[in-house]
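File shown here: run-v8.csv, holding CSV, C-alpha atoms.
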chain,number,residue,atom,x,y,z
A,1,MET,CA,114.6,71.4,133.5
A,2,THR,CA,115.2,72.5,129.9
A,3,LEU,CA,113.7,70.3,127.3
A,4,ARG,CA,116.4,69.3,124.8
A,5,PHE,CA,116.4,67.0,121.7
A,6,ASP,CA,120.1,66.5,121.1
A,7,GLY,CA,120.7,63.4,119.1
A,8,ARG,CA,117.0,63.1,118.2
A,9,VAL,CA,115.6,63.1,114.6
A,10,ALA,CA,112.2,64.7,114.0
A,11,ILE,CA,110.0,64.7,110.9
A,12,VAL,CA,107.5,67.6,110.8
A,13,THR,CA,104.9,67.6,108.0
A,14,GLY,CA,103.4,70.7,106.7
A,15,ALA,CA,106.4,72.6,108.1
A,16,GLY,CA,106.8,75.1,105.3
A,17,GLY,CA,104.8,77.7,107.2
A,18,GLY,CA,102.6,78.4,110.2
A,19,LEU,CA,102.5,75.9,113.0
A,20,GLY,CA,104.8,73.4,111.3
A,21,ARG,CA,107.5,76.0,110.7
A,22,ALA,CA,107.3,77.1,114.3
A,23,HIS,CA,107.5,73.5,115.5
A,24,ALA,CA,110.5,72.7,113.2
A,25,LEU,CA,112.4,75.8,114.2
A,26,ALA,CA,111.9,75.1,117.9
A,27,LEU,CA,112.9,71.5,117.7
A,28,ALA,CA,116.0,72.4,115.7
A,29,ALA,CA,116.9,75.2,118.2
A,30,ARG,CA,116.8,72.6,121.0
A,31,GLY,CA,119.1,70.2,119.2
A,32,ALA,CA,117.0,68.0,117.0
A,33,ARG,CA,117.8,67.2,113.4
A,34,VAL,CA,114.7,68.0,111.4
A,35,VAL,CA,113.1,66.8,108.2
A,36,VAL,CA,111.0,69.8,107.0
A,37,ASN,CA,108.3,68.2,105.0
A,38,ASP,CA,105.9,70.4,102.9
A,39,LEU,CA,104.2,69.9,99.6
A,40,GLY,CA,104.2,73.6,99.1
A,41,GLY,CA,100.7,73.7,97.7
A,42,ALA,CA,97.9,76.2,98.2
A,43,ARG,CA,95.6,76.1,101.3
A,44,ASP,CA,93.1,73.9,99.4
A,45,GLY,CA,95.9,71.4,98.5
A,46,SER,CA,96.3,72.4,94.9
A,47,GLY,CA,99.8,72.9,93.3
A,48,GLY,CA,103.1,72.1,94.9
A,49,SER,CA,106.7,73.5,95.3
A,50,ALA,CA,109.6,72.6,97.6
A,51,THR,CA,110.4,76.3,98.1
A,52,ALA,CA,108.5,76.6,101.4
A,53,ALA,CA,110.3,73.7,103.0
A,54,GLU,CA,113.7,74.8,101.6
A,55,THR,CA,113.2,78.3,103.1
A,56,VAL,CA,112.6,76.9,106.6
A,57,VAL,CA,115.6,74.6,106.2
A,58,ALA,CA,117.7,77.7,105.4
A,59,GLU,CA,116.4,79.4,108.5
A,60,ILE,CA,117.3,76.4,110.6
A,61,GLN,CA,120.8,76.2,109.1
A,62,ALA,CA,121.3,79.9,109.6
A,63,GLN,CA,120.8,79.4,113.3
A,64,GLY,CA,123.3,76.5,113.3
A,65,GLY,CA,120.9,73.7,113.2
A,66,GLU,CA,120.6,70.6,110.9
A,67,ALA,CA,117.7,70.1,108.6
A,68,VAL,CA,116.7,68.8,105.2
A,69,ALA,CA,113.8,69.6,103.0
A,70,ASN,CA,111.3,67.2,101.6
A,71,ALA,CA,108.3,67.9,99.3
A,72,ALA,CA,106.4,64.6,99.5
A,73,SER,CA,102.7,64.7,99.7
A,74,VAL,CA,101.5,62.9,102.8
A,75,THR,CA,98.7,61.4,100.7
A,76,ASP,CA,101.4,59.5,98.7
A,77,ALA,CA,102.3,56.5,100.8
A,78,ALA,CA,105.2,55.6,98.5
A,79,ALA,CA,106.7,59.1,98.7
A,80,VAL,CA,106.3,59.1,102.5
A,81,GLN,CA,108.1,55.7,102.7
A,82,ALA,CA,110.9,57.2,100.5
A,83,MET,CA,111.1,60.2,102.8
A,84,VAL,CA,111.5,58.0,105.8
A,85,ALA,CA,114.0,55.8,104.0
A,86,ASP,CA,116.1,58.8,103.1
A,87,THR,CA,116.0,60.0,106.7
A,88,MET,CA,117.3,56.6,107.9
A,89,THR,CA,120.1,56.7,105.3
A,90,ARG,CA,121.1,60.2,106.3
A,91,TRP,CA,120.7,60.1,110.1
A,92,GLY,CA,119.9,56.4,111.0
A,93,ARG,CA,116.9,57.1,113.2
A,94,VAL,CA,113.5,58.7,113.5
A,95,ASP,CA,112.5,59.6,117.1
A,96,ILE,CA,109.7,62.1,116.6
A,97,LEU,CA,106.9,62.5,114.1
A,98,VAL,CA,104.7,65.6,114.0
A,99,ASN,CA,101.7,65.0,111.8
A,100,ASN,CA,100.8,68.7,111.0
A,101,ALA,CA,100.1,68.8,107.3
A,102,GLY,CA,96.6,69.9,106.4
A,103,VAL,CA,94.2,71.6,104.0
A,104,LEU,CA,90.9,73.3,104.1
A,105,ARG,CA,87.9,73.1,101.7
A,106,ASP,CA,85.2,74.7,103.8
A,107,LYS,CA,81.6,74.7,102.8
A,108,THR,CA,78.3,73.8,104.4
A,109,PHE,CA,77.5,70.1,104.1
A,110,ALA,CA,74.6,70.9,101.8
A,111,LYS,CA,76.9,72.6,99.3
A,112,MET,CA,80.0,70.4,99.7
A,113,GLU,CA,81.0,68.0,96.9
A,114,LEU,CA,81.9,64.5,98.1
A,115,GLU,CA,85.4,64.9,96.5
A,116,ASP,CA,86.1,67.8,98.8
A,117,PHE,CA,85.1,65.7,101.8
A,118,ARG,CA,87.3,62.8,100.6
A,119,PHE,CA,90.3,65.0,99.9
A,120,VAL,CA,90.3,66.7,103.3
A,121,VAL,CA,90.0,63.3,105.1
A,122,ASP,CA,92.7,61.9,102.8
A,123,VAL,CA,95.2,64.7,103.7
A,124,HIS,CA,94.5,64.9,107.5
A,125,LEU,CA,93.7,61.4,108.4
A,126,MET,CA,95.3,59.2,105.8
A,127,GLY,CA,98.3,61.5,105.6
A,128,ALA,CA,98.9,61.0,109.3
A,129,VAL,CA,98.3,57.2,108.8
A,130,ASN,CA,100.8,57.1,106.0
A,131,CYS,CA,103.5,58.9,107.9
A,132,THR,CA,102.9,57.0,111.1
A,133,LYS,CA,102.9,53.7,109.4
A,134,ALA,CA,106.2,54.6,107.7
A,135,VAL,CA,108.0,55.2,111.1
A,136,TRP,CA,106.1,52.7,113.3
A,137,ASP,CA,108.4,49.7,112.9
A,138,ILE,CA,111.5,51.9,113.2
A,139,MET,CA,110.2,53.2,116.5
A,140,ARG,CA,109.2,49.7,117.7
A,141,GLU,CA,112.6,48.4,117.0
A,142,ALA,CA,114.2,51.4,118.8
A,143,ASN,CA,111.8,51.0,121.7
A,144,TYR,CA,111.3,54.8,121.5
A,145,GLY,CA,109.0,57.1,119.6
A,146,ARG,CA,107.0,60.3,120.1
A,147,ILE,CA,104.1,61.0,117.7
A,148,VAL,CA,101.7,63.9,117.7
A,149,MET,CA,98.5,64.2,115.7
A,150,THR,CA,97.2,67.7,115.0
A,151,THR,CA,93.6,67.6,115.9
A,152,SER,CA,91.2,70.6,116.2
A,153,SER,CA,88.4,72.1,118.3
A,154,SER,CA,86.4,71.8,115.0
A,155,GLY,CA,86.7,68.0,115.4
A,156,LEU,CA,86.3,67.9,119.2
A,157,TYR,CA,83.3,70.3,119.3
A,158,GLY,CA,82.2,71.1,115.7
A,159,ASN,CA,82.4,74.2,113.6
A,160,PHE,CA,80.0,75.5,111.0
A,161,GLY,CA,81.1,74.7,107.4
A,162,GLN,CA,83.8,72.2,108.4
A,163,SER,CA,82.1,68.8,108.4
A,164,ASN,CA,85.0,67.4,106.3
A,165,TYR,CA,87.7,69.0,108.4
A,166,GLY,CA,86.0,68.2,111.7
A,167,ALA,CA,85.4,64.6,110.8
A,168,ALA,CA,89.1,64.1,109.8
A,169,LYS,CA,90.3,65.9,113.0
A,170,MET,CA,88.2,63.8,115.3
A,171,ALA,CA,89.3,60.6,113.5
A,172,LEU,CA,92.9,61.5,114.5
A,173,VAL,CA,91.8,61.4,118.1
A,174,GLY,CA,90.5,57.8,117.6
A,175,LEU,CA,93.8,56.9,115.8
A,176,MET,CA,95.8,58.3,118.7
A,177,GLN,CA,93.7,56.4,121.3
A,178,THR,CA,94.5,53.0,119.8
A,179,LEU,CA,98.1,53.7,118.8
A,180,SER,CA,98.9,54.8,122.3
A,181,ILE,CA,97.7,51.5,123.6
A,182,GLU,CA,99.5,49.5,120.9
A,183,GLY,CA,102.7,51.5,121.2
A,184,ALA,CA,103.0,51.5,125.0
A,185,LYS,CA,105.2,48.3,125.3
A,186,ASN,CA,107.8,49.9,123.0
A,187,ASP,CA,107.7,53.3,124.6
A,188,ILE,CA,105.9,54.9,121.7
A,189,ARG,CA,103.9,57.7,123.1
A,190,VAL,CA,101.1,59.2,120.9
A,191,ASN,CA,99.3,62.4,121.7
A,192,CYS,CA,97.1,65.0,120.0
A,193,LEU,CA,97.6,68.8,119.8
A,194,ALA,CA,94.6,71.0,119.1
A,195,PRO,CA,96.0,74.5,118.3
A,196,THR,CA,94.4,77.9,118.0
A,197,ALA,CA,96.8,80.1,115.9
A,198,HIS,CA,96.8,82.6,113.1
A,199,THR,CA,98.2,80.9,110.1
A,200,ARG,CA,97.3,80.7,106.4
A,201,MET,CA,94.6,78.2,107.4
A,202,THR,CA,92.8,80.8,109.5
A,203,GLU,CA,93.4,84.0,107.4
A,204,ASP,CA,89.7,84.3,106.5
A,205,LEU,CA,88.9,84.8,110.2
A,206,GLY,CA,91.4,87.6,110.6
A,207,ALA,CA,89.0,90.4,111.4
A,208,ARG,CA,87.4,88.4,114.2
A,209,LEU,CA,90.6,87.3,115.9
A,210,PRO,CA,93.2,89.2,118.0
A,211,LEU,CA,95.9,88.1,115.7
A,212,GLU,CA,98.7,89.7,117.8
A,213,LEU,CA,98.0,87.1,120.5
A,214,LEU,CA,97.7,84.1,118.2
A,215,GLY,CA,101.1,83.5,116.8
A,216,PRO,CA,102.0,79.8,116.0
A,217,GLU,CA,105.0,80.1,118.3
A,218,MET,CA,102.5,80.4,121.2
A,219,VAL,CA,101.3,76.8,120.5
A,220,THR,CA,104.7,75.2,120.0
A,221,PRO,CA,105.7,74.9,123.7
A,222,GLY,CA,102.9,72.4,124.0
A,223,LEU,CA,104.2,70.4,121.1
A,224,LEU,CA,107.7,70.4,122.6
A,225,TYR,CA,106.3,68.8,125.7
A,226,LEU,CA,104.3,66.2,123.8
A,227,VAL,CA,107.4,65.0,122.0
A,228,SER,CA,109.8,65.1,124.9
A,229,GLU,CA,111.3,62.1,126.7
A,230,ASP,CA,108.9,62.7,129.6
A,231,ALA,CA,105.9,63.1,127.4
A,232,PRO,CA,102.5,61.7,128.4
A,233,SER,CA,100.6,59.4,126.1
A,234,ARG,CA,96.9,59.7,125.1
A,235,CYS,CA,96.8,63.4,125.9
A,236,ILE,CA,94.6,65.8,123.9
A,237,LEU,CA,96.4,69.1,124.6
A,238,THR,CA,94.7,72.3,123.4
A,239,ALA,CA,96.8,75.4,123.0
A,240,GLY,CA,96.6,79.0,121.8
A,241,ALA,CA,97.7,82.5,122.8
A,242,GLY,CA,99.8,81.1,125.7
A,243,GLY,CA,96.8,79.2,127.1
A,244,PHE,CA,97.0,75.4,127.5
A,245,GLU,CA,94.1,73.1,128.4
A,246,ARG,CA,93.4,69.4,128.2
A,247,ALA,CA,90.4,67.8,126.5
A,248,TYR,CA,89.0,64.3,127.4
A,249,VAL,CA,86.6,61.8,125.9
A,250,THR,CA,84.5,60.9,129.0
A,251,LEU,CA,81.9,58.3,129.9
A,252,THR,CA,79.1,58.9,132.4
A,253,GLN,CA,77.8,56.2,134.8
A,254,GLY,CA,74.5,56.3,132.9
A,255,GLY,CA,71.4,54.2,133.6
A,256,TYR,CA,69.7,50.9,132.8
A,257,ALA,CA,66.7,50.2,130.5
A,258,VAL,CA,65.2,46.9,129.3
A,259,GLY,CA,61.9,45.6,128.3
A,260,GLU,CA,59.3,46.6,125.7
A,261,ASP,CA,59.3,50.2,126.9
A,262,ALA,CA,63.1,50.5,127.0
A,263,ALA,CA,63.1,53.3,124.5
A,264,GLU,CA,60.6,55.2,126.6
A,265,GLN,CA,62.8,54.5,129.7
A,266,VAL,CA,65.8,56.0,127.9
A,267,ALA,CA,63.8,59.1,126.9
A,268,ALA,CA,62.5,59.6,130.4
A,269,GLY,CA,65.9,58.9,132.0
A,270,ILE,CA,68.1,60.9,129.7
A,271,ASP,CA,68.9,63.5,132.4
A,272,ALA,CA,70.2,60.8,134.7
A,273,ILE,CA,72.0,59.1,131.8
A,274,SER,CA,73.7,62.5,131.1
A,275,ASP,CA,74.6,63.2,134.7
A,276,ARG,CA,78.4,63.8,134.8
A,277,THR,CA,78.7,62.8,138.4
A,278,GLY,CA,81.3,60.0,138.6
A,279,GLU,CA,82.1,60.2,134.9
A,280,ILE,CA,85.4,58.4,133.9
A,281,VAL,CA,88.0,58.6,131.2
A,282,PRO,CA,88.2,54.9,130.0
A,283,GLU,CA,91.6,53.3,129.6
A,284,MET,CA,90.3,51.6,126.5
A,285,GLY,CA,87.0,51.0,124.6
A,286,ALA,CA,86.2,47.8,126.5
A,287,ALA,CA,85.4,49.9,129.6
A,288,GLN,CA,82.0,50.9,128.0
A,289,GLY,CA,81.0,47.2,127.7
A,290,MET,CA,82.1,46.4,131.2
A,291,ILE,CA,80.1,49.2,132.7
A,292,GLU,CA,77.0,48.1,130.7
A,293,LEU,CA,77.5,44.4,131.7
A,294,THR,CA,77.9,45.4,135.3
A,295,LYS,CA,74.5,47.2,135.2
A,296,ALA,CA,72.9,44.2,133.6
A,297,GLN,CA,74.3,41.8,136.2
A,298,LYS,CA,73.3,44.0,139.0
A,299,ALA,CA,69.8,44.2,137.7
A,300,HIS,CA,69.5,40.4,137.5
A,301,THR,CA,70.8,39.9,141.1
A,302,ASP,CA,68.8,42.7,142.7
Could you write out this file's structure as structure tokens?
Amino acid sequence: MTLRFDGRVAIVTGAGGGLGRAHALALAARGARVVVNDLGGARDGSGGSATAAETVVAEIQAQGGEAVANAASVTDAAAVQAMVADTMTRWGRVDILVNNAGVLRDKTFAKMELEDFRFVVDVHLMGAVNCTKAVWDIMREANYGRIVMTTSSSGLYGNFGQSNYGAAKMALVGLMQTLSIEGAKNDIRVNCLAPTAHTRMTEDLGARLPLELLGPEMVTPGLLYLVSEDAPSRCILTAGAGGFERAYVTLTQGGYAVGEDAAEQVAAGIDAISDRTGEIVPEMGAAQGMIELTKAQKAHTD
């Protein structure tokens, strides 16, 4: 079955280059009308120009597709709302949102200024919040929506010098978890994509990576699946160099400790608490409390 997006309208942020460009081109090639959003700033978020977005729009149009450029900063909620309003005026719908815009301000936590931490969180997390909030009611009314948050292995597993970036990227997983629950009744499916690709964001790592294997276009097939009609929801899909994996936030069966020496019991039992035998992927956060209460009730009835 060929994945097609005929009649669909997609907004892709940070689409002036790298992953966003690859996503926008692929969606357009498969029939979607695409809003190519890009502030056009430097990698650290400074500056701005619509040229990058307009160049991608020209590429799409040259291939017979429909697209429009937008240079709103995802950190500007009013500008994002205006982008979505313009899209509705032009095409009357928004079916797909790809939250891809991002910046880097890497430093060790010891050397990092708080402003650099705030700014990276603002772009990645609040940028995605602003864009998602702007389309949420439209998707609810249409009883259809596909939203992808761009997370990262730096958030899922950590990476030296990226405390700000990692914190923002893991926060997007938390956002996805709740929105997928809240959006389910209106067929709004929310997922995360964790890419490994050579883009402007990773150029400092060039000498250490096999760049010929890490083109952004190798990640995009995963994105296309996550925004398709038959997409899953609450999926953390990792992708790079043609490899695709799935990450999970799991919960072990754990142990039970009470009394004055409960802390010592936890310390002594940490291996059993950490044992992954029978671990689960909870449907929602309340599962943790239910498992803990079950342990307590069992202890009182034994």
### Message
For a test of reading the model, state the distance in Å between CA of Ser73 (chain A) and CA of Ala101 (chain A), rounded to one decimal.
### Response
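Separation between CA of Ser73 (chain A) and CA of Ala101 (chain A): 9.0 Å.
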### Message
Just want the 7 Å neighbourhood of Cys131 (chain A), counted on all atoms listed in the file, with same-chain residues fewer than 3 positions away dropped. Output as a list in words.
### Response
Val74, Val80, Gly127, Ala128, Ala134 and Val135 of chain A
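Comparing the minimum interatomic distances between Ile188 (chain A) and each of A:Val148, A:Val34, A:Ile280, A:Ala167, counting only C-alpha atoms, we find that A:Val148 sits nearest.
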Any idea what's packed within 8 Å of Ala29 (chain A), counting only C-alpha atoms, ignoring anything in its chain fewer than 6 positions away? Could you give it as a PDB file with C-alpha atoms, keeping the file's coordinate frame?
ATOM      1  CA  ILE A  60     117.300  76.400 110.600  1.00  0.00           C
ATOM      2  CA  GLN A  63     120.800  79.400 113.300  1.00  0.00           C
ATOM      3  CA  GLY A  65     120.900  73.700 113.200  1.00  0.00           C
TER       4      GLY A  65
END
#### Entry: Exercise: Asn159 (chain A) partners within 12 Å, all atoms listed in the file, chain neighbours under 4 positions left out, as a VMD selection string
chain A and resid 106 to 109 152 to 155 163 to 167 169
### Query
Within 9 Å of (80.2, 61.4, 133.3), all atoms listed in the file: residues as a list in words?
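Those residues lying close to the given coordinates are Thr250, Leu251, Thr252, Gln253, Gly254, Ile273, Ser274, Asp275, Arg276, Thr277, Gly278, Glu279, Ile280 and Val281 of chain A.
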Those selected residues, please, written with C-alpha atoms and delivered as an mmCIF file, in the frame of the given file.
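What follows is the written file result.cif:
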data_model
loop_
_atom_site.group_PDB
_atom_site.id
_atom_site.type_symbol
_atom_site.label_atom_id
_atom_site.label_comp_id
_atom_site.auth_asym_id
_atom_site.auth_seq_id
_atom_site.Cartn_x
_atom_site.Cartn_y
_atom_site.Cartn_z
ATOM 1 C CA THR A 250 84.500 60.900 129.000
ATOM 2 C CA LEU A 251 81.900 58.300 129.900
ATOM 3 C CA THR A 252 79.100 58.900 132.400
ATOM 4 C CA GLN A 253 77.800 56.200 134.800
ATOM 5 C CA GLY A 254 74.500 56.300 132.900
ATOM 6 C CA ILE A 273 72.000 59.100 131.800
ATOM 7 C CA SER A 274 73.700 62.500 131.100
ATOM 8 C CA ASP A 275 74.600 63.200 134.700
ATOM 9 C CA ARG A 276 78.400 63.800 134.800
ATOM 10 C CA THR A 277 78.700 62.800 138.400
ATOM 11 C CA GLY A 278 81.300 60.000 138.600
ATOM 12 C CA GLU A 279 82.100 60.200 134.900
ATOM 13 C CA ILE A 280 85.400 58.400 133.900
ATOM 14 C CA VAL A 281 88.000 58.600 131.200
#
### Query
Which residues come within 12 Å of Pro232 (chain A), counting all atoms listed in the file, excluding same-chain residues fewer than 3 positions away, as JSON, numbers by chain?
{"A": [145, 146, 147, 148, 180, 184, 187, 188, 189, 190, 191, 192, 222, 223, 224, 225, 226, 227, 228, 229, 235, 236, 237, 246]}
Expected file contents, prior selection, C-alpha atoms, as a CSV table (one decimal), keeping the file's coordinate frame:
chain,number,residue,atom,x,y,z
A,145,GLY,CA,109.0,57.1,119.6
A,146,ARG,CA,107.0,60.3,120.1
A,147,ILE,CA,104.1,61.0,117.7
A,148,VAL,CA,101.7,63.9,117.7
A,180,SER,CA,98.9,54.8,122.3
A,184,ALA,CA,103.0,51.5,125.0
A,187,ASP,CA,107.7,53.3,124.6
A,188,ILE,CA,105.9,54.9,121.7
A,189,ARG,CA,103.9,57.7,123.1
A,190,VAL,CA,101.1,59.2,120.9
A,191,ASN,CA,99.3,62.4,121.7
A,192,CYS,CA,97.1,65.0,120.0
A,222,GLY,CA,102.9,72.4,124.0
A,223,LEU,CA,104.2,70.4,121.1
A,224,LEU,CA,107.7,70.4,122.6
A,225,TYR,CA,106.3,68.8,125.7
A,226,LEU,CA,104.3,66.2,123.8
A,227,VAL,CA,107.4,65.0,122.0
A,228,SER,CA,109.8,65.1,124.9
A,229,GLU,CA,111.3,62.1,126.7
A,235,CYS,CA,96.8,63.4,125.9
A,236,ILE,CA,94.6,65.8,123.9
A,237,LEU,CA,96.4,69.1,124.6
A,246,ARG,CA,93.4,69.4,128.2
### Query
Just how far from CA of Arg234 (chain A) is CA of Met176 (chain A), in Å to one decimal?
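CA of Arg234 (chain A) lies 6.6 Å from CA of Met176 (chain A).
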### Message
Need to verify the contact set: region 89-91 of chain A, 12 Å, only C-alpha atoms, exclusion of same-chain residues closer than 6 positions in sequence. Can you return it as JSON, numbers by chain?
### Response
{"A": [7, 8, 9, 10, 11, 32, 33, 34, 35, 66, 67, 68, 82, 83]}
### Pick from A:Gly40, A:Gly174, A:Gly242, A:Pro216 nearest to Gly285 (chain A), counting only C-alpha atoms
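Going through A:Gly40, A:Gly174, A:Gly242, A:Pro216 one by one, the smallest distance to Gly285 (chain A) is for A:Gly174.
Atom to atom, CA of Val249 (chain A) and CA of Met284 (chain A) stand 10.9 Å apart.
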Around all the atoms of region 163-179 of chain A listed in the file, draw an axis-aligned box and extend it by 6 Å on each of the six sides; I want its centre and edge lengths in Å to one decimal, as lines of an AutoDock Vina configuration file.
center_x = 90.1
center_y = 61.0
center_z = 113.8
size_x = 28.0
size_y = 28.0
size_z = 27.0
### Exercise: residues within 6 Å of coordinate (112.1, 57.2, 112.5), counting all atoms listed in the file, as a VMD selection string
chain A and resid 93 to 95 135 138 to 139
### Query
Which residue gives the smallest distance to Phe119 (chain A) among A:Leu175, A:Leu156, A:Ala168, A:Ile291, with all atoms listed in the file counted?
A:Ala168
